[in-house]
Amino acid sequence: MKWLVNFLTSSLGRKVIMSLTGLFLCTFLVVHMIGNLKLFADSDGHKFNEYAEFMATNPLIKTVSYGLYFFIILHAVQGLLIYASNRAAVGGGRRYAGKQVAPTEARAAARNMAMLGTLILAFLLLHMWQFWFKAKFGGLAVEGDLFNEVKIAFAEPWVVIVYLLGLVALAMHLLHGFQSAFQTLGLNHPKYTPLIKGLGWAYSILVPLGFATMPIYFYVMAFNG
Amino acid sequence: MAHDEISLTLKVWRQKGPNKSGNFETHSVKINTHMSFLEMLDVLNEQLIMQKKEPVAFEHDCREGICGSCSLVINGRPHGPMQGTTTCQLHMRHFQDGETIYIEPYRAKAFPVIKDLVVDRSAFDRIIQSGGYVSVNTGGVPDGNAIAIEMITAKRAFEAATCIGCGACVAACPNASAMLFTSAKVSQLSLLPQGRQEANQRVLNMVTQMDNEGFGLCSNVGACEAECPKGISLDNIAIMNREYIGASFISRRLANK
Ligand code: HEM
Ligand code: SF4
Ligand code: FES
């Protein structure tokens, strides 16, 4: 299996891990976003709580979710290790006294993937503690009522702001990351690359926007009593 | 022709040798705008020699944009502000009278400074030695047109072949990655039937060597493509990625060298 170790520890192999875990997380996000739209299904949260119960108990979903935790950790750890390798390759410190940089198609996001990723990670920890941890290990305001917890959380302005900032970081991470993942896998072609880039744009705007409707909606509802 | 003359303030990186610390030195020059950037440095060096000071060491050879020696970072950009231009082909008319110009060596762990503005780019030579060739047996000269190659393919291979190994891609990359350089050679040879034979070993060996030299990983930023004086395209990196992924799983060798 030396060849596999060679592959996975090579610069290209490490990026393949980033790309595949990143795309897996992208798939998860769509499912998670569409599932959470159940928050809007009824006003007492019955449908959402039912859905949450199903997600927490279905054995297939549970298995996939362990994969998900593993891939998030793998993506984050590998991402930070790659960042460290790259800093070492540059030689550390400030690089050039001259200030100009060439105009590229890629925006600032491409150069700050690790920073954006770290912001996402910080947000994820808060998010998991608020809902996942409390639902699993106790601490919800009303046991078994996750909908109520969502309502309480998003009545707080600071929570809403942190969520929106987290989603902006996610959008930026994906504006570069989505199409980058395909380039990393070598999937580049004059016929399909424009399609992938267009899809990446749409994805990076629509998915975070879909998530953003939730804190905003519940904040407005709480604000209006 | 006074209007062809400009005065410049130069902030030049001076460093006595490898592992020595360096600093910027400030000099003033009055030069003709029709000069190239290297001719401007020649003027500076004559000035320094007259003043019995050590001239600035910088690398150059062909001075016509084909050898890739003239490795300088000008105001933060490898080969200066113009696209598709090497330092030796950069003319002073692109600078303003009274401008201050920062002149620095390429910065990358794998390109250590030898002296002043000269860096050691032999890491590139070792990457080429590890696989950037096609093995040819001795014997009769083959007919040039015996192997038909589609025009589009020939063109892509040729475009990749125009890489001059200057290293601007590494200097521009925020990760000091050598992917554009390495991929140009990998895709040039893998696209052609003559190079196809050794394609799997080549990509495995060249990527292994590239990693061993301590270059960074590719984040698909595209700064390399934007700075490359020969316009080598990021498509080559995608080709290398799929060649490497394919070879890792297909090649019958059980370990990389
Ligand atoms: C749900 C959240 C996330 C999604 C959907 C996601 C998605 C992606 C995708 C698709 C890529 C592109 C891979 C490539 O260029 O081949 C990527 C790159 C990256 N991600 Fe994430 N990511 C997420 C969270 C994180 C976190 C938490 C971190 C780290 C703390 C992180 C750090 C990075 C880094 C550093 C890169 C760039 C690697 C490179 O190009 O060298 N990401 N991400
Ligand atoms: S790819 Fe372009 S920038 Fe890099 S070494 Fe070749 S010619 Fe120079
Ligand atoms: S000196 Fe040869 S390319 Fe500039």
# chains A, B, ... in the order shown; residues from 1 in each chain; ligands from 1
call {"tool": "residues_near_ligand", "arguments": {"ligand": "ligand 1", "cutoff": "8 Å", "atoms": "only C-alpha atoms and all ligand atoms", "output": "number ranges by chain"}}
result
A: 15-29, 72-73, 75-80, 82-83, 110, 112-122, 124, 170, 173-174, 176-185; B: 217-220
call {"tool": "closest_atom_pairs", "arguments": {"of": "chain A", "to": "chain B", "cutoff": "7 Å", "atoms": "only C-alpha atoms", "output": "tab-separated table"}}
result
residue	atom	partner	partner_atom	distance
A:Lys2	CA	B:Ala255	CA	5.5
A:Trp3	CA	B:Ala255	CA	4.5
A:Asn6	CA	B:Asn256	CA	6.6
A:Phe7	CA	B:Ser248	CA	6.4
A:Ser10	CA	B:Asp211	CA	7.0
A:Ser11	CA	B:Leu217	CA	5.6
A:Leu12	CA	B:Asn241	CA	6.8
A:Ser85	CA	B:Gly216	CA	6.4
A:Asn86	CA	B:Gly216	CA	4.7
A:Arg87	CA	B:Asn175	CA	6.6
A:Ala89	CA	B:Gly216	CA	5.1
A:Val90	CA	B:Ala108	CA	4.6
A:Gly91	CA	B:Lys109	CA	4.9
A:Arg95	CA	B:Arg107	CA	6.5
A:Tyr96	CA	B:Gly76	CA	5.6
A:Ala97	CA	B:Gly76	CA	6.6
A:Gly98	CA	B:Gly76	CA	3.8
A:Lys99	CA	B:Gly76	CA	5.1
A:Gln100	CA	B:Gly76	CA	5.0
A:Val101	CA	B:Arg77	CA	5.9
A:Ala102	CA	B:Ala226	CA	6.1
A:Pro103	CA	B:Ala226	CA	6.9
A:Thr104	CA	B:Ala226	CA	6.1
A:Ala106	CA	B:Val221	CA	5.9
A:Ala110	CA	B:Val221	CA	5.5
A:Arg111	CA	B:Val221	CA	6.7
A:Ser180	CA	B:Asn220	CA	6.0
A:Gln183	CA	B:Ala238	CA	5.5
A:Thr184	CA	B:Asn241	CA	6.4
A:Leu185	CA	B:Asn241	CA	6.2
A:Gly186	CA	B:Ala238	CA	4.0
A:Leu187	CA	B:Ala238	CA	6.6
A:Asn188	CA	B:Ala238	CA	6.0
call {"tool": "residues_near_ligand", "arguments": {"ligand": "ligand 2", "cutoff": "7 Å", "atoms": "only C-alpha atoms and all ligand atoms", "output": "list in words"}}
result
Gly68, Thr162, Cys163, Ile164, Gly165, Cys166, Gly167, Ala168, Cys169, Val170, Leu180, Phe181, Ala184, Cys224, Glu227, Cys228, Pro229, Lys230, Gly231 and Ile232 of chain B
call {"tool": "closest_atom_pairs", "arguments": {"of": "chain B", "to": "ligand 3", "cutoff": "8 Å", "atoms": "only C-alpha atoms and all ligand atoms", "output": "CSV"}}
result
residue,atom,partner,partner_atom_place_in_ligand_line,distance
B:Glu59,CA,ligand 3,1 (S),7.4
B:His60,CA,ligand 3,1 (S),4.1
B:Asp61,CA,ligand 3,1 (S),4.4
B:Cys62,CA,ligand 3,2 (Fe),3.9
B:Arg63,CA,ligand 3,1 (S),3.7
B:Glu64,CA,ligand 3,2 (Fe),5.6
B:Gly65,CA,ligand 3,3 (S),3.5
B:Ile66,CA,ligand 3,3 (S),4.4
B:Cys67,CA,ligand 3,2 (Fe),3.8
B:Gly68,CA,ligand 3,3 (S),3.9
B:Ser69,CA,ligand 3,2 (Fe),5.0
B:Cys70,CA,ligand 3,4 (Fe),4.3
B:Ser71,CA,ligand 3,4 (Fe),7.6
B:Thr86,CA,ligand 3,4 (Fe),5.4
B:Thr87,CA,ligand 3,4 (Fe),5.7
B:Cys88,CA,ligand 3,4 (Fe),4.3
B:Gln89,CA,ligand 3,4 (Fe),6.7
B:Ile164,CA,ligand 3,3 (S),7.5
B:Cys166,CA,ligand 3,3 (S),7.4
call {"tool": "write_last_selection", "arguments": {"atoms": "N, CA and C atoms", "output": "mmCIF file, in the first residue's frame"}}
result
data_model
loop_
_atom_site.group_PDB
_atom_site.id
_atom_site.type_symbol
_atom_site.label_atom_id
_atom_site.label_comp_id
_atom_site.auth_asym_id
_atom_site.auth_seq_id
_atom_site.Cartn_x
_atom_site.Cartn_y
_atom_site.Cartn_z
ATOM 1 N N GLU B 59 20.585 38.342 -12.439
ATOM 2 C CA GLU B 59 20.786 37.283 -13.429
ATOM 3 C C GLU B 59 20.206 37.693 -14.785
ATOM 4 N N HIS B 60 20.908 37.365 -15.846
ATOM 5 C CA HIS B 60 20.419 37.663 -17.191
ATOM 6 C C HIS B 60 21.255 36.840 -18.164
ATOM 7 N N ASP B 61 20.692 36.604 -19.343
ATOM 8 C CA ASP B 61 21.482 35.891 -20.351
ATOM 9 C C ASP B 61 21.083 36.348 -21.738
ATOM 10 N N CYS B 62 19.946 35.879 -22.245
ATOM 11 C CA CYS B 62 19.625 36.152 -23.647
ATOM 12 C C CYS B 62 19.203 37.596 -23.899
ATOM 13 N N ARG B 63 18.559 38.183 -22.931
ATOM 14 C CA ARG B 63 17.978 39.530 -23.047
ATOM 15 C C ARG B 63 17.002 39.640 -24.215
ATOM 16 N N GLU B 64 16.415 38.537 -24.599
ATOM 17 C CA GLU B 64 15.371 38.604 -25.616
ATOM 18 C C GLU B 64 14.161 37.738 -25.253
ATOM 19 N N GLY B 65 14.005 37.482 -23.961
ATOM 20 C CA GLY B 65 12.772 36.851 -23.503
ATOM 21 C C GLY B 65 12.663 35.360 -23.741
ATOM 22 N N ILE B 66 13.780 34.669 -23.950
ATOM 23 C CA ILE B 66 13.638 33.225 -24.190
ATOM 24 C C ILE B 66 14.409 32.329 -23.224
ATOM 25 N N CYS B 67 15.322 32.889 -22.432
ATOM 26 C CA CYS B 67 16.127 31.981 -21.599
ATOM 27 C C CYS B 67 15.559 31.810 -20.201
ATOM 28 N N GLY B 68 14.807 32.794 -19.735
ATOM 29 C CA GLY B 68 14.200 32.695 -18.415
ATOM 30 C C GLY B 68 15.126 33.035 -17.261
ATOM 31 N N SER B 69 16.267 33.663 -17.543
ATOM 32 C CA SER B 69 17.216 33.962 -16.461
ATOM 33 C C SER B 69 16.837 35.172 -15.622
ATOM 34 N N CYS B 70 16.220 36.158 -16.266
ATOM 35 C CA CYS B 70 16.082 37.469 -15.625
ATOM 36 C C CYS B 70 14.991 37.460 -14.565
ATOM 37 N N SER B 71 15.308 36.913 -13.427
ATOM 38 C CA SER B 71 14.322 36.734 -12.369
ATOM 39 C C SER B 71 14.343 37.914 -11.409
ATOM 40 N N THR B 86 9.021 39.470 -20.056
ATOM 41 C CA THR B 86 10.115 39.178 -19.126
ATOM 42 C C THR B 86 10.786 40.497 -18.735
ATOM 43 N N THR B 87 11.568 40.460 -17.668
ATOM 44 C CA THR B 87 12.247 41.677 -17.201
ATOM 45 C C THR B 87 13.120 42.278 -18.299
ATOM 46 N N CYS B 88 13.797 41.415 -19.062
ATOM 47 C CA CYS B 88 14.700 41.924 -20.095
ATOM 48 C C CYS B 88 13.946 42.601 -21.238
ATOM 49 N N GLN B 89 12.668 42.262 -21.387
ATOM 50 C CA GLN B 89 11.856 42.841 -22.460
ATOM 51 C C GLN B 89 10.964 43.976 -21.953
ATOM 52 N N ILE B 164 9.584 28.948 -20.328
ATOM 53 C CA ILE B 164 11.035 29.186 -20.361
ATOM 54 C C ILE B 164 11.686 28.898 -19.011
ATOM 55 N N CYS B 166 11.334 30.287 -16.111
ATOM 56 C CA CYS B 166 11.832 31.491 -15.440
ATOM 57 C C CYS B 166 11.528 31.497 -13.943
#
call {"tool": "atom_distance", "arguments": {"atom1": "CA of Gln47 in chain B", "atom2": "CA of Lys30 in chain B"}}
result
10.4 Å
call {"tool": "residues_around", "arguments": {"residues": "range 143-157 of chain A", "least_positions_apart": "4", "cutoff": "12 Å", "atoms": "only C-alpha atoms", "output": "count of residues only"}}
result
51
call {"tool": "select_by_dssp", "arguments": {"residues": "range 24-256 of chain B", "states": "strand (DSSP E or B)", "output": "PyMOL selection string"}}
result
chain B and resi 24-32+36+73-74+77-78+91+100-104+113-115+118-119+177+216
call {"tool": "atom_distance", "arguments": {"atom1": "CA of Val29 in chain B", "atom2": "CA of Val43 in chain B"}}
result
7.6 Å
call {"tool": "residues_around", "arguments": {"residues": "Thr33 in chain B", "least_positions_apart": "4", "cutoff": "7 Å", "atoms": "only C-alpha atoms", "output": "list in words"}}
result
Asp4, Glu5, Ile6, His91, Met92 and Arg93 of chain B
call {"tool": "select_by_dssp", "arguments": {"residues": "range 50-213 of chain A", "states": "helix (DSSP H, G or I)", "output": "VMD selection string"}}
result
chain A and resid 50 to 57 59 to 90 108 to 111 113 to 137 146 to 153 157 to 184 193 to 213
call {"tool": "decode", "arguments": {"residues": "range 55-81 of chain B", "atoms": "N, CA, C and O atoms", "output": "compact mmCIF listing (two decimals), in the first residue's frame"}}
result
# COMPACT_ATOMS: atom_id res chain seq x y z
N PRO B 55 28.91 46.38 -7.49
CA PRO B 55 27.72 46.41 -8.35
C PRO B 55 26.65 45.41 -7.87
O PRO B 55 26.96 44.47 -7.16
N VAL B 56 25.41 45.65 -8.27
CA VAL B 56 24.31 44.78 -7.88
C VAL B 56 24.35 43.50 -8.72
O VAL B 56 24.43 43.57 -9.95
N ALA B 57 24.30 42.35 -8.06
CA ALA B 57 24.28 41.08 -8.80
C ALA B 57 22.84 40.79 -9.24
O ALA B 57 21.93 40.78 -8.42
N PHE B 58 22.65 40.61 -10.55
CA PHE B 58 21.34 40.16 -11.05
C PHE B 58 21.58 39.21 -12.20
O PHE B 58 22.62 39.23 -12.85
N GLU B 59 20.59 38.34 -12.44
CA GLU B 59 20.79 37.28 -13.43
C GLU B 59 20.21 37.69 -14.78
O GLU B 59 19.16 38.32 -14.86
N HIS B 60 20.91 37.36 -15.85
CA HIS B 60 20.42 37.66 -17.19
C HIS B 60 21.26 36.84 -18.16
O HIS B 60 22.36 36.44 -17.85
N ASP B 61 20.69 36.60 -19.34
CA ASP B 61 21.48 35.89 -20.35
C ASP B 61 21.08 36.35 -21.74
O ASP B 61 21.75 37.18 -22.34
N CYS B 62 19.95 35.88 -22.25
CA CYS B 62 19.62 36.15 -23.65
C CYS B 62 19.20 37.60 -23.90
O CYS B 62 19.43 38.15 -24.95
N ARG B 63 18.56 38.18 -22.93
CA ARG B 63 17.98 39.53 -23.05
C ARG B 63 17.00 39.64 -24.22
O ARG B 63 16.84 40.70 -24.80
N GLU B 64 16.41 38.54 -24.60
CA GLU B 64 15.37 38.60 -25.62
C GLU B 64 14.16 37.74 -25.25
O GLU B 64 13.43 37.30 -26.12
N GLY B 65 14.01 37.48 -23.96
CA GLY B 65 12.77 36.85 -23.50
C GLY B 65 12.66 35.36 -23.74
O GLY B 65 11.55 34.82 -23.75
N ILE B 66 13.78 34.67 -23.95
CA ILE B 66 13.64 33.23 -24.19
C ILE B 66 14.41 32.33 -23.22
O ILE B 66 14.17 31.12 -23.19
N CYS B 67 15.32 32.89 -22.43
CA CYS B 67 16.13 31.98 -21.60
C CYS B 67 15.56 31.81 -20.20
O CYS B 67 15.81 30.81 -19.54
N GLY B 68 14.81 32.79 -19.74
CA GLY B 68 14.20 32.70 -18.41
C GLY B 68 15.13 33.03 -17.26
O GLY B 68 14.80 32.74 -16.10
N SER B 69 16.27 33.66 -17.54
CA SER B 69 17.22 33.96 -16.46
C SER B 69 16.84 35.17 -15.62
O SER B 69 17.13 35.22 -14.44
N CYS B 70 16.22 36.16 -16.27
CA CYS B 70 16.08 37.47 -15.62
C CYS B 70 14.99 37.46 -14.57
O CYS B 70 13.89 37.93 -14.79
N SER B 71 15.31 36.91 -13.43
CA SER B 71 14.32 36.73 -12.37
C SER B 71 14.34 37.91 -11.41
O SER B 71 15.22 38.01 -10.56
N LEU B 72 13.42 38.81 -11.54
CA LEU B 72 13.34 39.95 -10.62
C LEU B 72 11.89 40.19 -10.23
O LEU B 72 10.98 39.96 -11.02
N VAL B 73 11.71 40.67 -9.00
CA VAL B 73 10.38 41.11 -8.59
C VAL B 73 10.41 42.64 -8.54
O VAL B 73 11.19 43.24 -7.82
N ILE B 74 9.60 43.24 -9.40
CA ILE B 74 9.60 44.69 -9.57
C ILE B 74 8.31 45.25 -9.01
O ILE B 74 7.22 44.91 -9.49
N ASN B 75 8.42 46.07 -7.98
CA ASN B 75 7.24 46.63 -7.30
C ASN B 75 6.25 45.54 -6.87
O ASN B 75 5.05 45.74 -6.91
N GLY B 76 6.78 44.38 -6.51
CA GLY B 76 5.92 43.31 -6.01
C GLY B 76 5.49 42.31 -7.07
O GLY B 76 4.88 41.29 -6.74
N ARG B 77 5.81 42.60 -8.35
CA ARG B 77 5.38 41.67 -9.41
C ARG B 77 6.58 41.08 -10.14
O ARG B 77 7.44 41.81 -10.63
N PRO B 78 6.62 39.73 -10.25
CA PRO B 78 7.69 39.10 -11.01
C PRO B 78 7.69 39.62 -12.45
O PRO B 78 6.64 39.67 -13.08
N HIS B 79 8.83 40.03 -12.94
CA HIS B 79 8.98 40.60 -14.29
C HIS B 79 8.24 41.93 -14.48
O HIS B 79 8.05 42.36 -15.61
N GLY B 80 7.80 42.54 -13.39
CA GLY B 80 7.23 43.88 -13.49
C GLY B 80 5.78 43.96 -13.92
O GLY B 80 5.09 42.96 -14.00
N PRO B 81 5.33 45.19 -14.22
CA PRO B 81 3.90 45.46 -14.37
C PRO B 81 3.27 45.00 -15.67
O PRO B 81 2.05 44.93 -15.76
